[in-house]
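Heads up, my_file.cif below (mmCIF, C-alpha atoms):
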```cif
data_target
loop_
_atom_site.label_atom_id
_atom_site.label_comp_id
_atom_site.auth_asym_id
_atom_site.auth_seq_id
_atom_site.Cartn_x
_atom_site.Cartn_y
_atom_site.Cartn_z
CA MET A 1 -6.31 15.41 16.87
CA THR A 2 -8.51 12.27 16.73
CA GLY A 3 -5.67 9.75 16.63
CA ARG A 4 -7.05 8.66 13.25
CA ALA A 5 -6.10 9.46 9.67
CA SER A 6 -7.63 12.75 8.51
CA ILE A 7 -9.94 12.90 5.49
CA THR A 8 -7.28 14.75 3.54
CA SER A 9 -4.53 12.27 4.35
CA ILE A 10 -6.67 9.30 3.29
CA ILE A 11 -7.44 10.98 -0.05
CA SER A 12 -3.77 11.90 -0.44
CA LYS A 13 -2.71 8.23 -0.12
CA VAL A 14 -5.36 7.20 -2.65
CA LEU A 15 -4.29 9.81 -5.20
CA ASN A 16 -0.60 8.95 -4.76
CA VAL A 17 -1.36 5.37 -5.73
CA ALA A 18 -3.09 6.58 -8.90
CA GLY A 19 0.18 8.29 -9.86
CA LEU A 20 2.28 5.24 -9.03
CA ASP A 21 -0.01 2.90 -10.99
CA ALA A 22 -0.11 5.11 -14.09
CA ASP A 23 3.66 5.57 -13.94
CA SER A 24 4.34 1.83 -13.65
CA LYS A 25 2.18 1.17 -16.73
CA GLY A 26 3.87 3.76 -18.89
CA PHE A 27 1.21 6.48 -18.98
CA GLY A 28 2.10 8.50 -15.88
CA VAL A 29 2.81 12.19 -15.56
CA ASP A 30 6.46 11.64 -16.51
CA MET A 31 5.46 10.17 -19.86
CA LEU A 32 2.82 12.83 -20.53
CA ASN A 33 5.20 15.64 -19.60
CA LYS A 34 7.34 14.64 -22.59
CA SER A 35 4.50 15.95 -24.78
CA SER A 36 3.90 18.92 -22.44
CA TYR A 37 0.74 17.18 -21.24
CA SER A 38 -0.31 16.31 -17.71
CA TRP A 39 -3.05 14.41 -15.87
CA VAL A 40 -5.54 16.64 -14.05
CA LEU A 41 -8.18 15.44 -11.60
CA THR A 42 -11.66 16.70 -12.51
CA ARG A 43 -14.06 14.74 -10.29
CA PHE A 44 -13.51 12.64 -7.23
CA ALA A 45 -15.75 10.83 -4.77
CA ILE A 46 -14.87 8.75 -1.73
CA ASP A 47 -16.96 6.71 0.72
CA ILE A 48 -15.00 6.48 3.95
CA ARG A 49 -16.32 3.71 6.21
CA TYR A 50 -13.79 4.13 9.00
CA ARG A 51 -10.52 5.95 9.63
CA PRO A 52 -7.30 3.97 10.13
CA LYS A 53 -4.94 4.62 13.04
CA PRO A 54 -1.29 5.71 12.59
CA PHE A 55 0.96 2.87 11.39
CA ASN A 56 -1.99 0.66 10.43
CA VAL A 57 -1.03 -1.11 7.21
CA ILE A 58 -3.51 -0.49 4.42
CA GLU A 59 -3.74 -1.93 0.91
CA ILE A 60 -4.92 0.30 -1.91
CA ALA A 61 -6.17 -1.45 -5.05
CA THR A 62 -6.69 0.73 -8.12
CA TRP A 63 -7.65 0.19 -11.75
CA ILE A 64 -8.98 2.06 -14.75
CA SER A 65 -12.68 1.28 -15.03
CA ASP A 66 -13.54 3.33 -18.10
CA CYS A 67 -12.10 5.75 -20.64
CA ASN A 68 -13.55 7.87 -23.41
CA ARG A 69 -12.20 10.78 -25.45
CA LEU A 70 -12.92 13.26 -22.64
CA MET A 71 -11.96 11.48 -19.49
CA SER A 72 -10.48 8.43 -17.83
CA THR A 73 -12.21 6.90 -14.81
CA ARG A 74 -10.15 5.22 -12.09
CA ASN A 75 -11.53 3.29 -9.11
CA PHE A 76 -9.97 2.47 -5.75
CA ILE A 77 -10.70 0.04 -2.95
CA VAL A 78 -8.76 0.49 0.28
CA ARG A 79 -8.64 -2.43 2.71
CA ASP A 80 -7.05 -3.01 6.10
CA SER A 81 -4.80 -5.97 6.88
CA SER A 82 -7.83 -8.14 7.73
CA GLY A 83 -9.35 -7.45 4.29
CA GLU A 84 -12.08 -5.16 5.61
CA ILE A 85 -12.92 -2.23 3.34
CA ILE A 86 -11.81 1.13 4.76
CA CYS A 87 -13.03 3.17 1.81
CA GLU A 88 -13.93 3.11 -1.85
CA ALA A 89 -13.17 5.94 -4.25
CA ILE A 90 -13.76 6.90 -7.86
CA SER A 91 -11.90 9.55 -9.83
CA GLN A 92 -12.22 11.12 -13.26
CA TRP A 93 -9.22 12.59 -15.00
CA CYS A 94 -8.55 14.59 -18.11
CA VAL A 95 -5.25 15.35 -19.80
CA ILE A 96 -4.38 19.01 -20.29
CA ASP A 97 -1.87 20.67 -22.55
CA LEU A 98 0.43 22.47 -20.10
CA GLU A 99 0.85 25.44 -22.45
CA SER A 100 -2.78 26.11 -23.44
CA ARG A 101 -4.14 24.64 -20.13
CA LYS A 102 -6.92 23.08 -22.24
CA SER A 103 -7.96 19.44 -22.12
CA VAL A 104 -6.96 17.23 -25.03
CA ASP A 105 -8.62 14.24 -26.74
CA LEU A 106 -7.61 11.05 -24.92
CA SER A 107 -7.54 8.92 -28.10
CA PHE A 108 -3.75 9.17 -28.10
CA LEU A 109 -3.73 6.89 -25.03
CA GLN A 110 -5.62 4.11 -26.77
CA SER A 111 -2.69 1.87 -27.64
CA CYS A 112 -1.13 1.83 -24.16
CA TYR A 113 -4.49 1.91 -22.35
CA ARG A 114 -6.37 -0.83 -24.19
CA ASP A 115 -5.42 -3.73 -21.92
CA TYR A 116 -5.98 -1.81 -18.71
CA ILE A 117 -9.64 -0.79 -18.90
CA LEU A 118 -11.22 -3.28 -16.56
CA GLY A 119 -14.77 -2.06 -15.93
CA ASN A 120 -16.31 -1.84 -12.48
CA LEU A 121 -14.94 -5.10 -11.03
CA ASP A 122 -15.86 -5.14 -7.32
CA ALA A 123 -16.65 -1.44 -7.11
CA THR A 124 -19.90 -0.43 -5.43
CA ILE A 125 -19.31 3.32 -5.12
CA ALA A 126 -21.70 5.64 -6.97
CA ARG A 127 -20.19 7.94 -9.60
CA PRO A 128 -19.30 11.53 -8.59
CA ALA A 129 -22.54 13.42 -7.94
CA LYS A 130 -23.77 16.80 -9.12
CA ILE A 131 -23.18 19.37 -6.41
CA ALA A 132 -25.92 21.88 -5.54
CA SER A 133 -25.28 25.62 -5.36
CA LEU A 134 -24.98 27.36 -2.01
CA LYS A 135 -27.80 29.61 -0.84
CA ALA A 136 -26.51 31.57 2.16
CA PRO A 137 -22.89 30.66 2.73
CA ARG A 138 -20.19 32.03 5.02
CA SER A 139 -17.07 33.02 3.07
CA SER A 140 -13.35 33.44 3.64
CA ASP A 141 -10.61 34.79 1.33
CA HIS A 142 -7.12 33.46 0.73
CA TYR A 143 -4.49 34.44 -1.83
CA ALA A 144 -2.79 31.37 -3.30
CA LEU A 145 0.80 30.97 -2.09
CA TYR A 146 3.77 28.94 -3.29
CA SER A 147 3.02 26.09 -0.87
CA ASP A 148 -0.51 25.80 -2.31
CA ILE A 149 0.81 24.98 -5.79
CA ASP A 150 1.74 21.53 -7.09
CA PHE A 151 3.83 20.14 -9.94
CA ASN A 152 1.06 21.07 -12.41
CA LYS A 153 1.64 24.74 -11.43
CA HIS A 154 -1.90 25.13 -10.12
CA VAL A 155 -3.45 25.05 -6.66
CA ASN A 156 -3.33 21.47 -5.39
CA ALA A 157 -6.56 19.45 -5.24
CA LEU A 158 -6.11 18.64 -1.57
CA ARG A 159 -5.18 22.18 -0.63
CA TYR A 160 -8.67 23.27 -1.70
CA LEU A 161 -10.12 20.52 0.46
CA ASN A 162 -8.15 21.73 3.50
CA MET A 163 -9.30 25.30 2.86
CA MET A 164 -12.90 24.07 2.84
CA LEU A 165 -12.57 21.82 5.90
CA ASP A 166 -10.96 24.68 7.83
CA MET A 167 -14.40 26.36 7.81
CA VAL A 168 -16.22 23.41 9.44
CA ASP A 169 -16.83 23.07 13.21
CA ILE A 170 -14.07 21.01 14.79
CA GLU A 171 -16.64 18.82 16.54
CA LEU A 172 -17.94 17.66 13.17
CA LEU A 173 -14.43 17.13 11.75
CA GLU A 174 -13.49 15.02 14.75
CA ASP A 175 -16.67 12.98 14.73
CA LEU A 176 -15.47 9.74 13.20
CA ARG A 177 -18.73 8.62 11.57
CA PRO A 178 -18.67 7.34 7.96
CA LEU A 179 -18.84 10.00 5.29
CA ARG A 180 -18.89 10.59 1.57
CA VAL A 181 -17.00 13.41 -0.15
CA ASP A 182 -17.75 14.58 -3.70
CA LEU A 183 -15.35 17.00 -5.35
CA HIS A 184 -15.76 18.70 -8.71
CA TYR A 185 -12.75 20.60 -10.00
CA GLN A 186 -13.98 23.11 -12.58
CA HIS A 187 -11.27 25.73 -13.20
CA GLU A 188 -7.61 25.88 -12.29
CA SER A 189 -6.21 28.62 -10.09
CA TYR A 190 -2.66 29.85 -9.87
CA ILE A 191 -0.22 31.48 -7.49
CA GLY A 192 -1.48 34.90 -6.36
CA ASP A 193 -5.12 34.21 -7.28
CA LYS A 194 -7.78 35.32 -4.80
CA LEU A 195 -9.64 32.25 -3.60
CA THR A 196 -12.97 32.78 -1.85
CA THR A 197 -14.14 29.70 0.02
CA SER A 198 -17.87 29.54 0.78
CA TYR A 199 -19.44 27.05 3.15
CA GLU A 200 -22.95 26.11 4.18
CA GLN A 201 -24.19 23.38 6.52
CA SER A 202 -27.68 21.96 6.25
CA GLY A 203 -28.41 18.95 8.41
CA ASN A 204 -25.68 16.38 7.82
CA VAL A 205 -24.62 17.87 4.49
CA SER A 206 -21.76 20.35 4.08
CA LEU A 207 -21.62 22.28 0.80
CA PHE A 208 -18.58 24.25 -0.35
CA GLU A 209 -17.45 26.32 -3.30
CA VAL A 210 -14.12 28.00 -3.97
CA VAL A 211 -14.36 30.93 -6.38
CA ARG A 212 -11.28 32.21 -8.22
CA ASN A 213 -10.79 35.98 -8.49
CA ASP A 214 -14.55 36.62 -8.03
CA GLU A 215 -15.07 35.10 -11.48
CA VAL A 216 -15.44 31.34 -11.77
CA ALA A 217 -15.83 28.31 -9.53
CA ALA A 218 -12.52 26.55 -9.07
CA VAL A 219 -14.01 23.70 -7.05
CA LYS A 220 -17.34 22.56 -5.65
CA CYS A 221 -17.58 20.06 -2.85
CA LYS A 222 -20.24 18.21 -0.91
CA ILE A 223 -19.71 16.12 2.22
CA GLU A 224 -22.38 13.85 3.64
CA TRP A 225 -21.74 12.92 7.28
CA ARG A 226 -23.56 9.61 7.67
CA MET B 1 7.11 23.37 -10.20
CA THR B 2 10.71 22.21 -10.62
CA GLY B 3 9.95 18.55 -11.30
CA ARG B 4 11.96 17.76 -8.15
CA ALA B 5 10.99 17.01 -4.59
CA SER B 6 10.35 20.19 -2.60
CA ILE B 7 12.34 20.99 0.53
CA THR B 8 9.25 20.41 2.66
CA SER B 9 8.45 17.04 1.10
CA ILE B 10 12.01 15.77 1.62
CA ILE B 11 11.89 16.77 5.31
CA SER B 12 8.43 15.22 5.61
CA LYS B 13 9.72 11.84 4.38
CA VAL B 14 12.64 12.03 6.80
CA LEU B 15 10.43 12.85 9.80
CA ASN B 16 7.96 10.09 8.91
CA VAL B 17 10.76 7.56 9.07
CA ALA B 18 11.65 8.79 12.57
CA GLY B 19 8.11 7.95 13.65
CA LEU B 20 8.17 4.53 11.99
CA ASP B 21 11.54 3.64 13.53
CA ALA B 22 10.54 4.71 17.06
CA ASP B 23 7.24 2.86 16.73
CA SER B 24 8.90 -0.37 15.55
CA LYS B 25 11.26 -0.29 18.54
CA GLY B 26 8.51 0.22 21.11
CA PHE B 27 9.03 3.87 22.01
CA GLY B 28 6.89 5.60 19.40
CA VAL B 29 4.09 8.12 19.86
CA ASP B 30 1.57 5.29 20.38
CA MET B 31 3.49 4.01 23.38
CA LEU B 32 4.10 7.49 24.82
CA ASN B 33 0.43 8.44 24.39
CA LYS B 34 -0.46 5.72 26.90
CA SER B 35 1.22 7.91 29.55
CA SER B 36 -0.24 11.12 27.98
CA TYR B 37 3.23 11.92 26.65
CA SER B 38 4.32 12.67 23.11
CA TRP B 39 7.49 13.24 21.10
CA VAL B 40 8.04 16.85 20.04
CA LEU B 41 10.69 18.06 17.60
CA THR B 42 12.81 20.88 19.02
CA ARG B 43 15.72 21.29 16.60
CA PHE B 44 16.29 20.02 13.09
CA ALA B 45 18.99 20.52 10.48
CA ILE B 46 19.28 19.08 7.00
CA ASP B 47 21.97 19.30 4.32
CA ILE B 48 20.31 18.68 0.97
CA ARG B 49 22.85 17.84 -1.74
CA TYR B 50 20.36 17.27 -4.55
CA ARG B 51 16.60 16.89 -5.00
CA PRO B 52 15.16 13.58 -6.16
CA LYS B 53 12.66 13.33 -9.02
CA PRO B 54 9.15 11.91 -8.62
CA PHE B 55 9.11 8.11 -8.28
CA ASN B 56 12.85 7.93 -7.60
CA VAL B 57 13.36 5.27 -4.98
CA ILE B 58 15.20 6.59 -1.93
CA GLU B 59 16.50 4.82 1.16
CA ILE B 60 16.34 6.61 4.50
CA ALA B 61 18.61 5.28 7.25
CA THR B 62 17.97 6.58 10.75
CA TRP B 63 19.32 5.92 14.24
CA ILE B 64 19.50 7.48 17.68
CA SER B 65 22.94 8.99 18.06
CA ASP B 66 22.67 10.40 21.56
CA CYS B 67 20.25 10.84 24.45
CA ASN B 68 20.38 12.69 27.75
CA ARG B 69 17.72 13.67 30.27
CA LEU B 70 16.62 16.65 28.19
CA MET B 71 16.67 15.43 24.62
CA SER B 72 17.14 12.58 22.22
CA THR B 73 19.22 13.11 19.07
CA ARG B 74 18.35 11.20 15.90
CA ASN B 75 20.39 11.20 12.68
CA PHE B 76 19.37 10.41 9.11
CA ILE B 77 21.21 9.60 5.91
CA VAL B 78 19.14 9.53 2.71
CA ARG B 79 20.59 7.75 -0.31
CA ASP B 80 19.40 7.12 -3.85
CA SER B 81 19.30 3.68 -5.45
CA SER B 82 22.94 3.99 -6.53
CA GLY B 83 24.00 4.66 -2.91
CA GLU B 84 24.76 8.33 -3.48
CA ILE B 85 23.86 10.60 -0.56
CA ILE B 86 20.87 12.85 -1.27
CA CYS B 87 20.85 14.48 2.14
CA GLU B 88 21.88 14.13 5.75
CA ALA B 89 19.78 15.33 8.67
CA ILE B 90 19.95 15.60 12.44
CA SER B 91 17.04 16.11 14.82
CA GLN B 92 16.62 16.73 18.52
CA TRP B 93 13.47 15.70 20.33
CA CYS B 94 11.98 16.14 23.76
CA VAL B 95 9.02 14.38 25.32
CA ILE B 96 6.19 16.57 26.55
CA ASP B 97 3.34 15.86 28.94
CA LEU B 98 0.26 16.46 26.78
CA GLU B 99 -1.66 17.97 29.70
CA SER B 100 0.91 20.41 31.11
CA ARG B 101 2.62 20.82 27.65
CA LYS B 102 5.95 20.79 29.58
CA SER B 103 8.92 18.61 28.70
CA VAL B 104 9.66 15.66 30.96
CA ASP B 105 12.88 13.95 32.06
CA LEU B 106 13.83 11.29 29.50
CA SER B 107 15.29 8.90 32.09
CA PHE B 108 12.10 6.81 31.85
CA LEU B 109 13.22 5.75 28.35
CA GLN B 110 16.52 4.33 29.56
CA SER B 111 15.57 0.65 29.69
CA CYS B 112 14.06 0.48 26.18
CA TYR B 113 16.56 2.97 24.69
CA ARG B 114 19.83 1.55 26.01
CA ASP B 115 20.63 -0.74 23.05
CA TYR B 116 19.69 1.78 20.40
CA ILE B 117 22.02 4.71 21.12
CA LEU B 118 24.61 4.26 18.40
CA GLY B 119 26.68 7.45 18.34
CA ASN B 120 27.53 9.31 15.15
CA LEU B 121 28.24 6.30 12.89
CA ASP B 122 28.73 7.66 9.35
CA ALA B 123 27.14 11.04 10.06
CA THR B 124 29.04 14.12 8.90
CA ILE B 125 26.32 16.74 9.40
CA ALA B 126 27.00 19.53 11.91
CA ARG B 127 24.61 19.81 14.86
CA PRO B 128 21.69 22.28 14.63
CA ALA B 129 23.12 25.83 14.64
CA LYS B 130 22.20 28.90 16.64
CA ILE B 131 20.00 31.14 14.55
CA ALA B 132 20.63 34.90 14.49
CA SER B 133 17.90 37.46 15.10
CA LEU B 134 16.38 39.40 12.23
CA LYS B 135 17.22 43.07 11.78
CA ALA B 136 14.78 44.49 9.23
CA PRO B 137 12.37 41.79 8.21
CA ARG B 138 9.22 41.74 6.09
CA SER B 139 6.28 40.23 7.98
CA SER B 140 3.01 38.48 7.24
CA ASP B 141 0.19 37.38 9.58
CA HIS B 142 -1.77 34.13 9.61
CA TYR B 143 -4.27 32.74 12.11
CA ALA B 144 -3.70 29.03 12.72
CA LEU B 145 -6.44 26.87 11.20
CA TYR B 146 -7.53 23.27 11.66
CA SER B 147 -5.41 22.05 8.74
CA ASP B 148 -2.30 23.60 10.33
CA ILE B 149 -2.62 21.39 13.44
CA ASP B 150 -1.22 17.88 13.85
CA PHE B 151 -1.84 14.91 16.15
CA ASN B 152 0.01 16.73 18.95
CA LYS B 153 -2.70 19.45 18.79
CA HIS B 154 -0.20 22.14 17.86
CA VAL B 155 0.83 23.77 14.60
CA ASN B 156 2.75 21.23 12.56
CA ALA B 157 6.53 21.63 12.21
CA LEU B 158 6.39 21.57 8.41
CA ARG B 159 3.45 23.96 8.22
CA TYR B 160 5.70 26.62 9.77
CA LEU B 161 8.33 25.85 7.15
CA ASN B 162 5.80 26.30 4.34
CA MET B 163 4.66 29.60 5.85
CA MET B 164 8.27 30.77 5.86
CA LEU B 165 9.11 29.53 2.36
CA ASP B 166 5.98 31.22 1.02
CA MET B 167 7.75 34.56 1.67
CA VAL B 168 10.83 33.74 -0.43
CA ASP B 169 11.22 34.67 -4.12
CA ILE B 170 10.12 31.80 -6.33
CA GLU B 171 13.36 32.05 -8.33
CA LEU B 172 15.34 31.15 -5.22
CA LEU B 173 12.94 28.35 -4.23
CA GLU B 174 13.23 26.82 -7.68
CA ASP B 175 17.00 27.13 -7.87
CA LEU B 176 18.06 23.56 -7.23
CA ARG B 177 21.42 24.27 -5.65
CA PRO B 178 22.43 22.43 -2.45
CA LEU B 179 21.20 23.98 0.75
CA ARG B 180 21.17 23.62 4.51
CA VAL B 181 18.12 24.30 6.67
CA ASP B 182 18.29 24.85 10.44
CA LEU B 183 15.04 24.92 12.40
CA HIS B 184 14.63 25.71 16.08
CA TYR B 185 11.18 25.11 17.54
CA GLN B 186 10.87 27.20 20.70
CA HIS B 187 7.20 27.47 21.70
CA GLU B 188 4.10 25.62 20.57
CA SER B 189 1.18 27.41 18.95
CA TYR B 190 -2.42 26.28 18.76
CA ILE B 191 -5.52 26.65 16.61
CA GLY B 192 -6.62 30.29 16.40
CA ASP B 193 -3.24 31.71 17.41
CA LYS B 194 -1.92 34.70 15.46
CA LEU B 195 1.31 33.71 13.72
CA THR B 196 3.52 36.49 12.41
CA THR B 197 6.13 35.24 9.98
CA SER B 198 9.16 37.48 9.48
CA TYR B 199 11.73 37.03 6.73
CA GLU B 200 15.03 38.61 5.80
CA GLN B 201 17.43 37.76 3.00
CA SER B 202 21.11 38.67 3.20
CA GLY B 203 23.31 37.27 0.46
CA ASN B 204 22.69 33.54 0.25
CA VAL B 205 21.23 33.31 3.75
CA SER B 206 17.49 33.45 4.50
CA LEU B 207 16.49 34.11 8.11
CA PHE B 208 12.96 33.57 9.45
CA GLU B 209 11.07 33.84 12.68
CA VAL B 210 7.44 33.01 13.47
CA VAL B 211 6.08 34.86 16.50
CA ARG B 212 2.99 33.61 18.33
CA ASN B 213 0.37 36.17 19.41
CA ASP B 214 2.98 38.99 19.39
CA GLU B 215 4.56 37.38 22.44
CA VAL B 216 7.11 34.62 21.91
CA ALA B 217 9.05 33.00 19.07
CA ALA B 218 7.39 29.78 17.98
CA VAL B 219 10.13 28.93 15.47
CA LYS B 220 13.37 30.33 14.12
CA CYS B 221 14.83 29.17 10.84
CA LYS B 222 17.92 29.74 8.74
CA ILE B 223 18.48 28.54 5.20
CA GLU B 224 21.87 28.68 3.50
CA TRP B 225 21.62 28.41 -0.29
CA ARG B 226 25.03 27.03 -1.25
#
```

How would this structure read if it were set down as structure tokens?
Amino acid sequence: MTGRASITSIISKVLNVAGLDADSKGFGVDMLNKSSYSWVLTRFAIDIRYRPKPFNVIEIATWISDCNRLMSTRNFIVRDSSGEIICEAISQWCVIDLESRKSVDLSFLQSCYRDYILGNLDATIARPAKIASLKAPRSSDHYALYSDIDFNKHVNALRYLNMMLDMVDIELLEDLRPLRVDLHYQHESYIGDKLTTSYEQSGNVSLFEVVRNDEVAAVKCKIEWR
Amino acid sequence: MTGRASITSIISKVLNVAGLDADSKGFGVDMLNKSSYSWVLTRFAIDIRYRPKPFNVIEIATWISDCNRLMSTRNFIVRDSSGEIICEAISQWCVIDLESRKSVDLSFLQSCYRDYILGNLDATIARPAKIASLKAPRSSDHYALYSDIDFNKHVNALRYLNMMLDMVDIELLEDLRPLRVDLHYQHESYIGDKLTTSYEQSGNVSLFEVVRNDEVAAVKCKIEWR
């Protein structure tokens, strides 16, 4: 509605490139699926400086900056065709066992990963932040449907983000000022689960939480509109 | 959940290529927006022979096969890297005035369009079919949200399809047999509108209708599972 890429579509492009890069280096979802494992996004942050127009060509650079036994950290820098930075992002991933849905020790990746851990390079983005609890939110319920689910058989990371953004005033969503999004994925949710999205605005900060079946936080999110 | 491209994602790739092709030839949305016009999809049909896997490289060929004063017809043939046909599609488009939301006479396109109307070429797909009315459907309501809306400020064509598919048994959705989808977009709907999705299954045919604000059909759809 703004003639610019939406927040969700920018993040979608960034995450797609993570998949392509991992796949091309031999440790993508396809490889992990052979052991009934899969990559799962746990934390994500993005600084969006400006929003590209349709058909603008963008270049997304990505690399693994760090990895320990619990998680792998991947950075992104997105530039336009003149080399100007559109956004920077940082993501943390774990590997889960698709049967137990528990995270596994990442040591098994060591041999194929070793040459690809490149440190911070040109990255300037701060690591994903802690996200405060909500005090007096508005809430809305949704039962997870087939189209909410992705290849990992859980509700898709960006679907949660859309559910949260749907609660924000359109004027704010269509204001094209720079912004930072922090996302913390805490528990998976599945088809049929009740998802309660809570939202609170204080000044230029939006806080969100999606609770699964009245029990646990599936996702927390903070957006700073700069 | 099947490890294959979903119906919606295949159609999304096809429709994106329509936009890229029109843009590269000088009659894309960007150009039309200068006159406060935009392209709107009215009918679409796709024969899906098989579903590609993630990271499979596909080639989407598209061309304008016909155009009259009311609508422009665009065909697609999608092939895999061995040249085998994955799917064929056909789409009909009108141009609307973004203020009045009414369709306009396409004669104004004649000078830039003339060289690009190529007829049927290799296409074998039948034109979009009439879609029968439902007799005893199940129904579900949804109020259109921000994330349902696209750059044309109406509910996105594929969002309707997801709403309809969300009513179908998962077993059928995950059966990877060939299928044909016919979609007929009849009236636009906007943020806040009540959308009632009705669904009926008879044999291997799924019929759907989305009604806007209890008044008019926004979309009708038929899927044949072959």

Next item on the list: Run the PyMOL selection byres ((chain B) within 10 of (chain A)) on the file and write out the hits as a VMD selection string.
Entry: chain B and resid 1 to 6 8 19 to 20 23 to 24 29 to 30 33 53 to 55 144 to 154 159 161 to 170 173

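Between CA of Leu207 in chain B and CA of Lys135 in chain B lies a distance of 9.7 Å.
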
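Between CA of Lys194 in chain A and CA of Ala132 in chain A lies a distance of 22.6 Å.
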
Next item on the list: Write out as a ChimeraX atom specification which residues come within 9 Å of Arg51 in chain A when counting all atoms listed in the file, dropping same-chain ones fewer than 4 positions away.
Entry: /A:4-7,10,86-87,176-178

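Against this structure, the PyMOL selection byres ((chain A and resi 200) around 12) ends up with A:Ala132, A:Ser133, A:Leu134, A:Lys135, A:Ala136, A:Pro137, A:Arg138, A:Ser139, A:Met164, A:Leu165, A:Met167, A:Val168, A:Asp169, A:Thr197, A:Ser198, A:Tyr199, A:Gln201, A:Ser202, A:Gly203, A:Asn204, A:Val205, A:Ser206, A:Leu207, A:Phe208, A:Glu209, A:Lys220, A:Cys221, A:Lys222, A:Ile223.
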
Item checked: Residue members of the PyMOL selection byres ((chain B and resi 96-103) around 10) in the file shown, as a PyMOL selection string -> chain B and resi 32-33+35-40+70-71+93-95+104-106+152-153+188

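CA of Arg127 in chain A is positioned 6.7 Å from CA of Ile90 in chain A.
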
Notebook entry, point to check: What lies within 8 Å of Leu118 in chain A using all atoms listed in the file, ignoring chain neighbours under 6 positions off, as a VMD selection string?
Noted result: chain A and resid 63 to 66

Checklist line | Selected residue, from A:Ile125, A:Ala218, A:Ala22, A:Val57, that lies nearest to Asn75 in chain A when counting only C-alpha atoms | finding: A:Ile125

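Among B:Asn56, B:Ser81, B:Thr73, B:Asn68, the residue with the shortest atom-to-atom distance to Ala18 in chain B, counting all atoms listed in the file, is B:Thr73.
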
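Residue nearest Asp47 in chain A within the list A:Leu179, A:Ile11, A:Cys67, A:Ala157: A:Leu179 [criterion: smallest interatomic distance, only C-alpha atoms].
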
For Ile60 in chain A, please output as a PDB file with C-alpha atoms, keeping the file's coordinate frame all residues within 7 Å (counting all atoms listed in the file; exclusion window: fewer than 5 positions along the same chain).
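File around.pdb, as written:
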```pdb
ATOM      1  CA  VAL A  14      -5.360   7.200  -2.650  1.00  0.00           C
ATOM      2  CA  PHE A  76      -9.970   2.470  -5.750  1.00  0.00           C
ATOM      3  CA  ILE A  77     -10.700   0.040  -2.950  1.00  0.00           C
ATOM      4  CA  VAL A  78      -8.760   0.490   0.280  1.00  0.00           C
ATOM      5  CA  ARG A  79      -8.640  -2.430   2.710  1.00  0.00           C
TER       6      ARG A  79
END
```

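For the set A:Arg226, A:Arg212, A:His184, A:Arg74, the residue with the smallest atom-to-atom gap to Leu172 in chain A is A:Arg226, counting all atoms listed in the file.
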
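The shortest atom-to-atom distance to Asp182 in chain B, with only C-alpha atoms taken into account, belongs to B:Lys130 out of B:Lys25, B:Lys130, B:Val211, B:Leu109.
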